[in-house]
Amino acid sequence: GRVTALARGSTSCTACGDGSSPNEAKTGCQSCLVGTAGTKGQCKGCTGLLQYQDQTGKSSCKECSSGTVPNEQHTGCIKCAIGTAGSTCEDCAAGKYADTTGLSSCKATNPGYYSPTAGASAQLACQPGTFQNQQEKTS
């Protein structure tokens, strides 16, 4: 986390501040890149489950809100896909569904409808001659 001073014959090195790290030549400091953050002269990837960083020169990572997860580069958040929801975009359980992107929780099926499998993007209407008078049903 220390950087070599520019002057020849220096007897010590200078530390880079938070949000930066030594450049490749170790002649100065450079800002942490998007997708990374750092303290004490060390930039590290924002690779935690919900972490991202969309700005340069930051000392800490941000966290995606419920209904979103980090993109592949951890430089921003993307909405949960249809059929998934929550803080980690998990498949909706049977009896629930997600018909739009970015939901923080799955929707319960309504009376007269059901959802037989996990990851459903819609609730299914009861077949002619059948009924369902409860929510969150799988059949």
# chains A, B, ... in the order shown; residues from 1 in each chain; ligands from 1
$ residues_around --residues "A:Gly102" --least-positions-apart "2" --cutoff "7 Å" --atoms "only C-alpha atoms" --output "count of residues only"
8
$ select_by_dssp --residues "stretch 81-137 of chain A" --states "strand (DSSP E)" --output "MDAnalysis selection string"
chainID A and resid 84:85 90:91 96:97 107:108 113:114 124:125
$ write_last_selection --atoms "all heavy atoms" --output "mmCIF file, in the first residue's frame"
data_model
loop_
_atom_site.group_PDB
_atom_site.id
_atom_site.type_symbol
_atom_site.label_atom_id
_atom_site.label_comp_id
_atom_site.auth_asym_id
_atom_site.auth_seq_id
_atom_site.Cartn_x
_atom_site.Cartn_y
_atom_site.Cartn_z
ATOM 1 N N THR A 84 -38.381 -14.447 -10.960
ATOM 2 C CA THR A 84 -37.493 -14.370 -9.802
ATOM 3 C C THR A 84 -37.765 -13.076 -9.046
ATOM 4 O O THR A 84 -38.331 -12.134 -9.587
ATOM 5 C CB THR A 84 -36.006 -14.404 -10.214
ATOM 6 O OG1 THR A 84 -35.677 -13.191 -10.909
ATOM 7 C CG2 THR A 84 -35.691 -15.602 -11.102
ATOM 8 N N ALA A 85 -37.318 -13.039 -7.783
ATOM 9 C CA ALA A 85 -37.511 -11.835 -6.960
ATOM 10 C C ALA A 85 -36.623 -11.903 -5.731
ATOM 11 O O ALA A 85 -35.975 -12.923 -5.471
ATOM 12 C CB ALA A 85 -38.981 -11.708 -6.536
ATOM 13 N N GLU A 90 -33.931 -14.994 -6.453
ATOM 14 C CA GLU A 90 -34.189 -16.431 -6.448
ATOM 15 C C GLU A 90 -35.508 -16.727 -7.155
ATOM 16 O O GLU A 90 -36.409 -15.886 -7.190
ATOM 17 C CB GLU A 90 -34.242 -16.952 -5.015
ATOM 18 C CG GLU A 90 -32.908 -16.871 -4.321
ATOM 19 C CD GLU A 90 -32.939 -17.423 -2.899
ATOM 20 O OE1 GLU A 90 -33.936 -18.063 -2.521
ATOM 21 O OE2 GLU A 90 -31.961 -17.204 -2.190
ATOM 22 N N ASP A 91 -35.627 -17.953 -7.696
ATOM 23 C CA ASP A 91 -36.876 -18.375 -8.324
ATOM 24 C C ASP A 91 -38.019 -18.263 -7.327
ATOM 25 O O ASP A 91 -37.855 -18.603 -6.144
ATOM 26 C CB ASP A 91 -36.788 -19.836 -8.791
ATOM 27 C CG ASP A 91 -36.005 -20.003 -10.079
ATOM 28 O OD1 ASP A 91 -35.669 -18.990 -10.726
ATOM 29 O OD2 ASP A 91 -35.725 -21.159 -10.435
ATOM 30 N N LYS A 96 -46.400 -19.153 -6.104
ATOM 31 C CA LYS A 96 -46.117 -17.728 -6.262
ATOM 32 C C LYS A 96 -45.585 -17.489 -7.670
ATOM 33 O O LYS A 96 -45.214 -18.422 -8.374
ATOM 34 C CB LYS A 96 -45.100 -17.263 -5.219
ATOM 35 C CG LYS A 96 -45.606 -17.386 -3.799
ATOM 36 C CD LYS A 96 -44.641 -16.783 -2.812
ATOM 37 C CE LYS A 96 -45.248 -16.828 -1.411
ATOM 38 N NZ LYS A 96 -44.537 -15.958 -0.488
ATOM 39 N N TYR A 97 -45.508 -16.227 -8.073
ATOM 40 C CA TYR A 97 -45.025 -15.899 -9.414
ATOM 41 C C TYR A 97 -44.488 -14.466 -9.434
ATOM 42 O O TYR A 97 -44.738 -13.679 -8.528
ATOM 43 C CB TYR A 97 -46.133 -16.066 -10.454
ATOM 44 C CG TYR A 97 -47.257 -15.047 -10.318
ATOM 45 C CD1 TYR A 97 -47.321 -13.948 -11.181
ATOM 46 C CD2 TYR A 97 -48.236 -15.164 -9.335
ATOM 47 C CE1 TYR A 97 -48.339 -13.003 -11.050
ATOM 48 C CE2 TYR A 97 -49.252 -14.232 -9.212
ATOM 49 C CZ TYR A 97 -49.297 -13.155 -10.070
ATOM 50 O OH TYR A 97 -50.294 -12.225 -9.938
ATOM 51 N N LYS A 107 -45.245 -12.618 -6.011
ATOM 52 C CA LYS A 107 -46.673 -12.409 -5.768
ATOM 53 C C LYS A 107 -47.328 -13.758 -5.477
ATOM 54 O O LYS A 107 -46.997 -14.768 -6.096
ATOM 55 C CB LYS A 107 -47.331 -11.797 -7.014
ATOM 56 C CG LYS A 107 -46.786 -10.438 -7.390
ATOM 57 C CD LYS A 107 -47.428 -9.960 -8.686
ATOM 58 C CE LYS A 107 -46.905 -8.606 -9.112
ATOM 59 N NZ LYS A 107 -47.533 -8.163 -10.383
ATOM 60 N N ALA A 108 -48.270 -13.761 -4.532
ATOM 61 C CA ALA A 108 -49.046 -14.965 -4.238
ATOM 62 C C ALA A 108 -50.113 -15.133 -5.314
ATOM 63 O O ALA A 108 -50.683 -14.149 -5.788
ATOM 64 C CB ALA A 108 -49.711 -14.837 -2.869
ATOM 65 N N TYR A 113 -56.733 -19.217 -9.271
ATOM 66 C CA TYR A 113 -55.477 -19.410 -10.015
ATOM 67 C C TYR A 113 -54.522 -20.274 -9.202
ATOM 68 O O TYR A 113 -54.670 -20.441 -8.005
ATOM 69 C CB TYR A 113 -54.808 -18.058 -10.292
ATOM 70 C CG TYR A 113 -55.592 -17.178 -11.219
ATOM 71 C CD1 TYR A 113 -56.601 -16.353 -10.732
ATOM 72 C CD2 TYR A 113 -55.329 -17.167 -12.586
ATOM 73 C CE1 TYR A 113 -57.342 -15.542 -11.581
ATOM 74 C CE2 TYR A 113 -56.054 -16.357 -13.436
ATOM 75 C CZ TYR A 113 -57.058 -15.551 -12.934
ATOM 76 O OH TYR A 113 -57.768 -14.750 -13.777
ATOM 77 N N TYR A 114 -53.488 -20.795 -9.864
ATOM 78 C CA TYR A 114 -52.468 -21.593 -9.192
ATOM 79 C C TYR A 114 -51.147 -21.446 -9.938
ATOM 80 O O TYR A 114 -51.083 -20.898 -11.037
ATOM 81 C CB TYR A 114 -52.891 -23.064 -9.110
ATOM 82 C CG TYR A 114 -52.939 -23.769 -10.445
ATOM 83 C CD1 TYR A 114 -51.936 -24.655 -10.819
ATOM 84 C CD2 TYR A 114 -53.982 -23.547 -11.346
ATOM 85 C CE1 TYR A 114 -51.969 -25.309 -12.053
ATOM 86 C CE2 TYR A 114 -54.023 -24.179 -12.568
ATOM 87 C CZ TYR A 114 -53.017 -25.061 -12.924
ATOM 88 O OH TYR A 114 -53.047 -25.679 -14.138
ATOM 89 N N LEU A 124 -51.669 -19.426 -13.287
ATOM 90 C CA LEU A 124 -52.502 -20.147 -14.243
ATOM 91 C C LEU A 124 -53.937 -20.207 -13.739
ATOM 92 O O LEU A 124 -54.176 -20.480 -12.558
ATOM 93 C CB LEU A 124 -51.968 -21.567 -14.445
ATOM 94 C CG LEU A 124 -50.501 -21.664 -14.888
ATOM 95 C CD1 LEU A 124 -50.050 -23.118 -14.894
ATOM 96 C CD2 LEU A 124 -50.317 -21.028 -16.250
ATOM 97 N N ALA A 125 -54.893 -19.977 -14.639
ATOM 98 C CA ALA A 125 -56.313 -20.044 -14.277
ATOM 99 C C ALA A 125 -56.730 -21.497 -14.084
ATOM 100 O O ALA A 125 -56.242 -22.395 -14.775
ATOM 101 C CB ALA A 125 -57.162 -19.395 -15.367
#
$ closest_residue --among "A:Gln73, A:Ser31, A:Ser10, A:Ser66" --to "A:Thr47" --atoms "only C-alpha atoms"
A:Gln73
$ closest_residue --among "A:Ala118, A:Ile78, A:Leu103, A:Cys29" --to "A:Gln51" --atoms "only C-alpha atoms"
A:Ile78
